[in-house]
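Q: Handing you this structure, nothing more for now.
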Amino acid sequence: MKKVSFIGLGNMGYEMAINLSKGGFQIIGFDIMQDRYKELEKHNIKCVPSIQKALENPDVIITMLPDGEIVRNVWEQIIKILKTTPLAIDCSTIDIESALYFHQQTNANGLPSLDAPVSGGVVGALNGSLTFMVGGDDYNYDKAKNLFDVMGNKSILCGPKSSGQAVKICNNMLLAVTMAGVSEAFNLAESLNINTQKLFDVVSTSSGSCWAVNNYCPIKGVGPFSPADNEFKPGFSSQLMYKDLSLAIAAAKKNNLNIDFTTNIFEVFSKILKNNLGEKDFSYLKEFLK
Ligand code: NAD
C-alpha cells in the first residue's frame, strides 16, 4: 500500500496529499484546476494533466471532491480507465445515496471500498490532525489505517458502507444546532447587559458547555482564538455548513424523520448565503442572528 492516486487537490486534498508524501507514500495527484501543481511538486508529488495518467497501477485511490455528483462522475471515469483493482477511498463529504453508489460501482468492478469523510477542516488537514469517519469492513479499514494515521490523529470505523458519511452528517448537524444555541444565548446575554466573558467563564465549565463555546466561541476576545477573532475568516465556511445541513435534511426526509431545529438553522444559513456572506465562517451565525 505505497502508491496512492490522489484526485481532488483543493483546500483539503492539497494538504492531505502533502502529508501522505511526507509520510513516505508515493503520490500521483490530479485535479482539473492545475494552478497549485508547482507547489505540490516541491513536496515530491507527481502531478499529472489527466485522470488517465493518475491511474497507473496505484495501490489506493483517494478522492477529495466537492459533492456527490462529482464523486459519482469521477468514479465512473476511474472505473472505465482502471485495469487493476486498488482500494477505493472517498474522503469527500457527500449524500448517503451517492456514497452507496460509489460503493456499488467500485465493488461491481472488483475494487474494495471505504467512505471516509473527515472532520477538522483545513487546519486539521494541514497539521495531519483530521478525524476520519469510516464506512466499510474491518479488513479494508485495517489496510487503510496507516494512511488515515498519516493524515489524521483519529480514525473510527463507524459501521458498514456509507456509515462514515452518516456519522459525518450527524456530527455537523449537531455542530450547527449547538452553535445556534450558543449564538442565541450570547445574544440574549448581551441584550441583558451581561459581560460575555463572565458568561463564557460560567458556561464553559457548566452544563451549557459544548465544543461551540469551549473551543470556538463566536465572540471576539472571548475564549480561545477562533474565527471571531479573525473577522470570521474560515475555519469552516457558512457555505460548507449549508451544504452539510442540506445533506442532513435529505437523509432525514428519506427516513421520514422530523428535524425541525436543523431545518430552521438551514434556512438561516440559506439567508446568509443569499446575503453573499457564505465565505464567512459558520460561527458568523451569531452576528447574523443579532
Ligand atoms: P475544494 O473545492 O477546495 O476542493 C475540491 C477540489 O476538487 C478542487 O480543487 C476542484 O478543482 C477539484 N475537482 C472538482 N471536480 C473535479 C474532477 N472532476 N476531477 C478532479 N478534480 C476535481 O473543497 P475542499 O474544501 O477541499 O473540500 C473537499 C471535500 O471535503 C468536500 O466534500 C467538503 O465538503 C469536505 N470537507 C471540507 C472541509 C473544509 O473545511 N474545507 C472540512 C471537512 C470536509
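Letters A, B, ... go to the chains of the C-alpha cells in the order shown; residues in each chain start at 1; ligands are counted from 1 in the same order.
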Sorted by chain and rising residue number, list the residues of chain A at most 6 Å from ligand 1 (counting only C-alpha atoms and all ligand atoms), each with its closest atom pair and distance in Å to one decimal, as a Markdown table.
A:
| residue | atom | partner | partner_atom_place_in_ligand_line | distance |
| --- | --- | --- | --- | --- |
| A:Ile7 | CA | ligand 1 | 20 (C) | 5.4 |
| A:Gly8 | CA | ligand 1 | 7 (O) | 3.9 |
| A:Leu9 | CA | ligand 1 | 9 (O) | 4.8 |
| A:Gly10 | CA | ligand 1 | 4 (O) | 3.3 |
| A:Asn11 | CA | ligand 1 | 26 (O) | 3.8 |
| A:Met12 | CA | ligand 1 | 26 (O) | 3.6 |
| A:Gly13 | CA | ligand 1 | 26 (O) | 5.4 |
| A:Asp31 | CA | ligand 1 | 21 (N) | 3.8 |
| A:Ile32 | CA | ligand 1 | 21 (N) | 4.7 |
| A:Met33 | CA | ligand 1 | 11 (O) | 4.6 |
| A:Met64 | CA | ligand 1 | 28 (C) | 5.1 |
| A:Leu65 | CA | ligand 1 | 7 (O) | 4.3 |
| A:Pro66 | CA | ligand 1 | 32 (O) | 4.1 |
| A:Asp67 | CA | ligand 1 | 32 (O) | 5.2 |
| A:Ile70 | CA | ligand 1 | 18 (N) | 5.9 |
| A:Val74 | CA | ligand 1 | 18 (N) | 5.5 |
| A:Ser92 | CA | ligand 1 | 32 (O) | 3.8 |
| A:Thr93 | CA | ligand 1 | 32 (O) | 3.8 |
| A:Val118 | CA | ligand 1 | 43 (C) | 5.3 |
| A:Ser119 | CA | ligand 1 | 43 (C) | 5.0 |
| A:Gly121 | CA | ligand 1 | 40 (O) | 3.5 |
| A:Val122 | CA | ligand 1 | 40 (O) | 5.0 |
| A:Phe236 | CA | ligand 1 | 40 (O) | 4.7 |
| A:Leu240 | CA | ligand 1 | 34 (O) | 5.9 |
Q: Can you write out the residues you just picked, keeping N, CA and C atoms, as a PDB file, in the first residue's frame?
A:
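See result_25.pdb below for the written result:
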ATOM      1  N   ILE A   7      -7.043  12.236  -6.120  1.00  0.00           N
ATOM      2  CA  ILE A   7      -7.846  13.028  -7.061  1.00  0.00           C
ATOM      3  C   ILE A   7      -8.629  14.089  -6.285  1.00  0.00           C
ATOM      4  N   GLY A   8      -8.373  15.354  -6.625  1.00  0.00           N
ATOM      5  CA  GLY A   8      -9.047  16.461  -5.923  1.00  0.00           C
ATOM      6  C   GLY A   8      -8.090  17.099  -4.942  1.00  0.00           C
ATOM      7  N   LEU A   9      -7.319  18.071  -5.463  1.00  0.00           N
ATOM      8  CA  LEU A   9      -6.249  18.667  -4.646  1.00  0.00           C
ATOM      9  C   LEU A   9      -6.619  20.102  -4.279  1.00  0.00           C
ATOM     10  N   GLY A  10      -7.828  20.270  -3.742  1.00  0.00           N
ATOM     11  CA  GLY A  10      -8.308  21.595  -3.337  1.00  0.00           C
ATOM     12  C   GLY A  10      -7.810  21.923  -1.935  1.00  0.00           C
ATOM     13  N   ASN A  11      -8.589  22.729  -1.206  1.00  0.00           N
ATOM     14  CA  ASN A  11      -8.157  23.179   0.126  1.00  0.00           C
ATOM     15  C   ASN A  11      -7.757  22.010   1.024  1.00  0.00           C
ATOM     16  N   MET A  12      -8.549  20.967   1.007  1.00  0.00           N
ATOM     17  CA  MET A  12      -8.287  19.816   1.879  1.00  0.00           C
ATOM     18  C   MET A  12      -7.292  18.844   1.244  1.00  0.00           C
ATOM     19  N   GLY A  13      -7.599  18.434   0.002  1.00  0.00           N
ATOM     20  CA  GLY A  13      -6.798  17.410  -0.666  1.00  0.00           C
ATOM     21  C   GLY A  13      -5.339  17.800  -0.815  1.00  0.00           C
ATOM     22  N   ASP A  31      -5.983  17.075 -10.493  1.00  0.00           N
ATOM     23  CA  ASP A  31      -7.110  17.978 -10.238  1.00  0.00           C
ATOM     24  C   ASP A  31      -7.405  18.688 -11.561  1.00  0.00           C
ATOM     25  N   ILE A  32      -8.653  19.046 -11.777  1.00  0.00           N
ATOM     26  CA  ILE A  32      -8.964  19.780 -13.017  1.00  0.00           C
ATOM     27  C   ILE A  32      -8.395  21.207 -12.954  1.00  0.00           C
ATOM     28  N   MET A  33      -8.191  21.724 -11.744  1.00  0.00           N
ATOM     29  CA  MET A  33      -7.534  23.036 -11.571  1.00  0.00           C
ATOM     30  C   MET A  33      -6.060  22.755 -11.275  1.00  0.00           C
ATOM     31  N   MET A  64     -11.079  13.454  -3.056  1.00  0.00           N
ATOM     32  CA  MET A  64     -11.466  14.508  -2.105  1.00  0.00           C
ATOM     33  C   MET A  64     -12.110  15.621  -2.924  1.00  0.00           C
ATOM     34  N   LEU A  65     -13.413  15.479  -3.176  1.00  0.00           N
ATOM     35  CA  LEU A  65     -14.100  16.283  -4.181  1.00  0.00           C
ATOM     36  C   LEU A  65     -15.273  17.062  -3.574  1.00  0.00           C
ATOM     37  N   PRO A  66     -15.776  18.061  -4.305  1.00  0.00           N
ATOM     38  CA  PRO A  66     -16.781  18.955  -3.707  1.00  0.00           C
ATOM     39  C   PRO A  66     -18.115  18.318  -3.328  1.00  0.00           C
ATOM     40  N   ASP A  67     -18.684  17.461  -4.196  1.00  0.00           N
ATOM     41  CA  ASP A  67     -20.039  16.970  -3.886  1.00  0.00           C
ATOM     42  C   ASP A  67     -20.312  15.598  -4.494  1.00  0.00           C
ATOM     43  N   ILE A  70     -20.191  15.035  -8.412  1.00  0.00           N
ATOM     44  CA  ILE A  70     -18.815  14.974  -8.946  1.00  0.00           C
ATOM     45  C   ILE A  70     -18.167  13.653  -8.545  1.00  0.00           C
ATOM     46  N   VAL A  74     -16.636  11.139 -11.254  1.00  0.00           N
ATOM     47  CA  VAL A  74     -15.192  10.834 -11.249  1.00  0.00           C
ATOM     48  C   VAL A  74     -14.973   9.328 -11.097  1.00  0.00           C
ATOM     49  N   SER A  92     -14.512  12.715   0.465  1.00  0.00           N
ATOM     50  CA  SER A  92     -15.387  13.881   0.300  1.00  0.00           C
ATOM     51  C   SER A  92     -16.574  13.777   1.262  1.00  0.00           C
ATOM     52  N   THR A  93     -17.224  14.912   1.539  1.00  0.00           N
ATOM     53  CA  THR A  93     -18.489  14.874   2.288  1.00  0.00           C
ATOM     54  C   THR A  93     -19.618  14.879   1.266  1.00  0.00           C
ATOM     55  N   VAL A 118     -14.074  13.444   6.571  1.00  0.00           N
ATOM     56  CA  VAL A 118     -13.197  13.908   7.654  1.00  0.00           C
ATOM     57  C   VAL A 118     -13.819  15.067   8.410  1.00  0.00           C
ATOM     58  N   SER A 119     -13.305  15.254   9.610  1.00  0.00           N
ATOM     59  CA  SER A 119     -13.620  16.430  10.399  1.00  0.00           C
ATOM     60  C   SER A 119     -12.287  17.061  10.787  1.00  0.00           C
ATOM     61  N   GLY A 121     -11.281  20.276   9.275  1.00  0.00           N
ATOM     62  CA  GLY A 121     -11.080  21.425   8.395  1.00  0.00           C
ATOM     63  C   GLY A 121      -9.676  21.523   7.819  1.00  0.00           C
ATOM     64  N   VAL A 122      -9.412  22.671   7.214  1.00  0.00           N
ATOM     65  CA  VAL A 122      -8.137  22.871   6.516  1.00  0.00           C
ATOM     66  C   VAL A 122      -6.968  22.846   7.504  1.00  0.00           C
ATOM     67  N   PHE A 236     -14.397  26.953   9.025  1.00  0.00           N
ATOM     68  CA  PHE A 236     -15.370  26.139   8.312  1.00  0.00           C
ATOM     69  C   PHE A 236     -16.442  27.118   7.814  1.00  0.00           C
ATOM     70  N   LEU A 240     -20.064  25.737   3.429  1.00  0.00           N
ATOM     71  CA  LEU A 240     -19.890  24.297   3.670  1.00  0.00           C
ATOM     72  C   LEU A 240     -20.896  23.791   4.692  1.00  0.00           C
TER      73      LEU A 240
END
Q: Could you tell me how far CA of Thr263 in chain A lies from CA of Glu287 in chain A, in Å and to one decimal?
A: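 Separation between CA of Thr263 in chain A and CA of Glu287 in chain A: 19.3 Å.
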Q: What's the 7 Å shell around Lys168 in chain A, counting only C-alpha atoms, without same-chain residues fewer than 4 positions away, as a PDB file with N, CA and C atoms, in the first residue's frame?
A:
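Wrote it out as out21.pdb, contents follow:
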ATOM      1  N   PRO A 117     -15.157  10.272   5.141  1.00  0.00           N
ATOM      2  CA  PRO A 117     -15.160  11.729   5.278  1.00  0.00           C
ATOM      3  C   PRO A 117     -14.404  12.158   6.539  1.00  0.00           C
ATOM      4  N   MET A 133     -14.033   9.371   9.629  1.00  0.00           N
ATOM      5  CA  MET A 133     -15.212   8.573   9.971  1.00  0.00           C
ATOM      6  C   MET A 133     -15.399   7.588   8.815  1.00  0.00           C
ATOM      7  N   GLY A 164     -19.739   6.100   7.429  1.00  0.00           N
ATOM      8  CA  GLY A 164     -18.856   7.253   7.659  1.00  0.00           C
ATOM      9  C   GLY A 164     -19.579   8.534   7.296  1.00  0.00           C
ATOM     10  N   ASN A 172     -22.066  17.162  11.985  1.00  0.00           N
ATOM     11  CA  ASN A 172     -22.118  18.567  11.572  1.00  0.00           C
ATOM     12  C   ASN A 172     -23.481  19.197  11.830  1.00  0.00           C
TER      13      ASN A 172
END
Q: In Å, with one decimal, what is the gap from CA of Arg72 in chain A to CA of Leu55 in chain A?
A: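 Separation of CA of Arg72 in chain A and CA of Leu55 in chain A: 16.9 Å.
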Q: Can you work out which one of A:Met151, A:Ile61, A:Ala189, A:Leu285 has the shortest atom-to-atom distance to Ala17 in chain A, counting only C-alpha atoms?
A: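 Comparing A:Met151, A:Ile61, A:Ala189, A:Leu285 against Ala17 in chain A, the winner is A:Met151.
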Q: Give the alpha helix (DSSP H) residues of range 29-149 of chain A, as DSSP finds them on the backbone, and put them as a ChimeraX atom specification.
A: /A:37-41,68-81,96-108,121-127,138-149
Q: Which of these, A:Ile96, A:Ile272, A:Leu126, A:Ile249, has the shortest distance to Glu69 in chain A once you count only C-alpha atoms?
A: A:Ile96
Q: May I have the residues within 10 Å of Ala251 in chain A as a list in words, using only C-alpha atoms and disregarding those fewer than 6 positions away in the same chain?
A: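 Those residues are Asp95, Ile96, Glu97, Ala166, Ile169, Cys170, Leu245 and Leu257 of chain A.
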Q: Would you kindly return, as a ChimeraX atom specification, each protein, DNA or RNA residue with an atom no farther than 12 Å from any atom of Asn264 in chain A, considering only C-alpha atoms and excluding same-chain residues fewer than 4 positions away?
A: /A:173,176-177,180,242,245-246,249,258-260,268-271
Q: Please produce a file of those selected residues containing N, CA, C and O atoms, as a PDB file, in the first residue's frame.
A:
ATOM      1  N   MET A 173     -24.515  18.357  11.780  1.00  0.00           N
ATOM      2  CA  MET A 173     -25.849  18.836  12.116  1.00  0.00           C
ATOM      3  C   MET A 173     -25.874  19.250  13.597  1.00  0.00           C
ATOM      4  O   MET A 173     -26.378  20.311  13.964  1.00  0.00           O
ATOM      5  N   ALA A 176     -24.065  22.558  14.076  1.00  0.00           N
ATOM      6  CA  ALA A 176     -24.879  23.716  13.676  1.00  0.00           C
ATOM      7  C   ALA A 176     -25.913  24.035  14.756  1.00  0.00           C
ATOM      8  O   ALA A 176     -26.118  25.197  15.111  1.00  0.00           O
ATOM      9  N   VAL A 177     -26.531  22.982  15.296  1.00  0.00           N
ATOM     10  CA  VAL A 177     -27.574  23.205  16.314  1.00  0.00           C
ATOM     11  C   VAL A 177     -26.960  23.792  17.587  1.00  0.00           C
ATOM     12  O   VAL A 177     -27.505  24.739  18.175  1.00  0.00           O
ATOM     13  N   ALA A 180     -26.053  27.394  17.031  1.00  0.00           N
ATOM     14  CA  ALA A 180     -27.251  28.246  17.037  1.00  0.00           C
ATOM     15  C   ALA A 180     -27.680  28.539  18.478  1.00  0.00           C
ATOM     16  O   ALA A 180     -27.998  29.677  18.829  1.00  0.00           O
ATOM     17  N   TYR A 242     -23.882  25.011   5.126  1.00  0.00           N
ATOM     18  CA  TYR A 242     -25.144  24.955   4.374  1.00  0.00           C
ATOM     19  C   TYR A 242     -25.233  23.631   3.602  1.00  0.00           C
ATOM     20  O   TYR A 242     -26.250  22.941   3.634  1.00  0.00           O
ATOM     21  N   LEU A 245     -25.760  20.711   6.034  1.00  0.00           N
ATOM     22  CA  LEU A 245     -27.132  20.675   6.561  1.00  0.00           C
ATOM     23  C   LEU A 245     -28.107  20.182   5.496  1.00  0.00           C
ATOM     24  O   LEU A 245     -29.066  19.477   5.808  1.00  0.00           O
ATOM     25  N   SER A 246     -27.828  20.530   4.246  1.00  0.00           N
ATOM     26  CA  SER A 246     -28.722  20.042   3.176  1.00  0.00           C
ATOM     27  C   SER A 246     -28.620  18.521   3.071  1.00  0.00           C
ATOM     28  O   SER A 246     -29.611  17.847   2.786  1.00  0.00           O
ATOM     29  N   ILE A 249     -30.756  17.151   5.934  1.00  0.00           N
ATOM     30  CA  ILE A 249     -32.191  17.293   5.657  1.00  0.00           C
ATOM     31  C   ILE A 249     -32.638  16.241   4.629  1.00  0.00           C
ATOM     32  O   ILE A 249     -33.686  15.608   4.788  1.00  0.00           O
ATOM     33  N   ASN A 258     -38.408  13.896  11.577  1.00  0.00           N
ATOM     34  CA  ASN A 258     -38.574  15.324  11.784  1.00  0.00           C
ATOM     35  C   ASN A 258     -37.300  15.915  12.381  1.00  0.00           C
ATOM     36  O   ASN A 258     -36.874  15.481  13.449  1.00  0.00           O
ATOM     37  N   ILE A 259     -36.684  16.876  11.700  1.00  0.00           N
ATOM     38  CA  ILE A 259     -35.512  17.544  12.293  1.00  0.00           C
ATOM     39  C   ILE A 259     -35.711  19.075  12.187  1.00  0.00           C
ATOM     40  O   ILE A 259     -34.983  19.773  11.479  1.00  0.00           O
ATOM     41  N   ASP A 260     -36.719  19.544  12.947  1.00  0.00           N
ATOM     42  CA  ASP A 260     -37.134  20.946  12.838  1.00  0.00           C
ATOM     43  C   ASP A 260     -36.038  21.945  13.197  1.00  0.00           C
ATOM     44  O   ASP A 260     -35.898  22.973  12.542  1.00  0.00           O
ATOM     45  N   VAL A 268     -31.641  29.732   8.039  1.00  0.00           N
ATOM     46  CA  VAL A 268     -30.821  30.903   8.377  1.00  0.00           C
ATOM     47  C   VAL A 268     -29.545  30.897   7.515  1.00  0.00           C
ATOM     48  O   VAL A 268     -29.156  31.932   6.953  1.00  0.00           O
ATOM     49  N   PHE A 269     -28.914  29.731   7.373  1.00  0.00           N
ATOM     50  CA  PHE A 269     -27.707  29.675   6.534  1.00  0.00           C
ATOM     51  C   PHE A 269     -28.044  30.000   5.073  1.00  0.00           C
ATOM     52  O   PHE A 269     -27.238  30.614   4.374  1.00  0.00           O
ATOM     53  N   SER A 270     -29.225  29.622   4.657  1.00  0.00           N
ATOM     54  CA  SER A 270     -29.638  29.945   3.296  1.00  0.00           C
ATOM     55  C   SER A 270     -29.698  31.471   3.119  1.00  0.00           C
ATOM     56  O   SER A 270     -29.266  32.009   2.103  1.00  0.00           O
ATOM     57  N   LYS A 271     -30.183  32.177   4.160  1.00  0.00           N
ATOM     58  CA  LYS A 271     -30.217  33.656   4.111  1.00  0.00           C
ATOM     59  C   LYS A 271     -28.800  34.231   4.135  1.00  0.00           C
ATOM     60  O   LYS A 271     -28.508  35.213   3.467  1.00  0.00           O
TER      61      LYS A 271
END
Q: Near Asn44 in chain A, counting only C-alpha atoms, which residues have an atom at most 8 Å away, once you skip same-chain residues fewer than 4 positions from it, shown as a ChimeraX atom specification?
A: /A:21,27,40
Q: Which residues, written as a PDB file with N, CA, C and O atoms, in the first residue's frame, have at least one atom at most 8 Å from Ile89 in chain A, with only C-alpha atoms counted and residues fewer than 6 positions away on the same chain left out?
A:
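Okay, this is what ended up in result07.pdb:
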ATOM      1  N   VAL A  60      -3.849   2.372  -3.943  1.00  0.00           N
ATOM      2  CA  VAL A  60      -5.031   3.028  -3.355  1.00  0.00           C
ATOM      3  C   VAL A  60      -5.391   4.234  -4.221  1.00  0.00           C
ATOM      4  O   VAL A  60      -4.491   4.907  -4.734  1.00  0.00           O
ATOM      5  N   ILE A  61      -6.685   4.497  -4.356  1.00  0.00           N
ATOM      6  CA  ILE A  61      -7.124   5.757  -4.973  1.00  0.00           C
ATOM      7  C   ILE A  61      -7.935   6.509  -3.926  1.00  0.00           C
ATOM      8  O   ILE A  61      -8.859   5.947  -3.327  1.00  0.00           O
ATOM      9  N   ILE A  62      -7.558   7.774  -3.701  1.00  0.00           N
ATOM     10  CA  ILE A  62      -8.321   8.609  -2.767  1.00  0.00           C
ATOM     11  C   ILE A  62      -8.950   9.756  -3.551  1.00  0.00           C
ATOM     12  O   ILE A  62      -8.273  10.402  -4.355  1.00  0.00           O
ATOM     13  N   THR A  63     -10.242  10.004  -3.317  1.00  0.00           N
ATOM     14  CA  THR A  63     -10.875  11.193  -3.904  1.00  0.00           C
ATOM     15  C   THR A  63     -11.262  12.155  -2.781  1.00  0.00           C
ATOM     16  O   THR A  63     -11.693  11.740  -1.699  1.00  0.00           O
ATOM     17  N   SER A 113     -13.804  -0.988  -1.135  1.00  0.00           N
ATOM     18  CA  SER A 113     -14.065   0.453  -0.971  1.00  0.00           C
ATOM     19  C   SER A 113     -14.337   0.850   0.477  1.00  0.00           C
ATOM     20  O   SER A 113     -14.829   0.055   1.281  1.00  0.00           O
ATOM     21  N   LEU A 114     -14.016   2.121   0.757  1.00  0.00           N
ATOM     22  CA  LEU A 114     -14.326   2.734   2.056  1.00  0.00           C
ATOM     23  C   LEU A 114     -14.818   4.156   1.816  1.00  0.00           C
ATOM     24  O   LEU A 114     -14.236   4.855   0.976  1.00  0.00           O
ATOM     25  N   ASP A 115     -15.872   4.583   2.516  1.00  0.00           N
ATOM     26  CA  ASP A 115     -16.156   6.021   2.556  1.00  0.00           C
ATOM     27  C   ASP A 115     -15.488   6.524   3.833  1.00  0.00           C
ATOM     28  O   ASP A 115     -15.560   5.871   4.877  1.00  0.00           O
ATOM     29  N   ALA A 116     -14.802   7.654   3.721  1.00  0.00           N
ATOM     30  CA  ALA A 116     -14.001   8.118   4.869  1.00  0.00           C
ATOM     31  C   ALA A 116     -13.976   9.640   4.936  1.00  0.00           C
ATOM     32  O   ALA A 116     -12.921  10.269   4.783  1.00  0.00           O
TER      33      ALA A 116
END
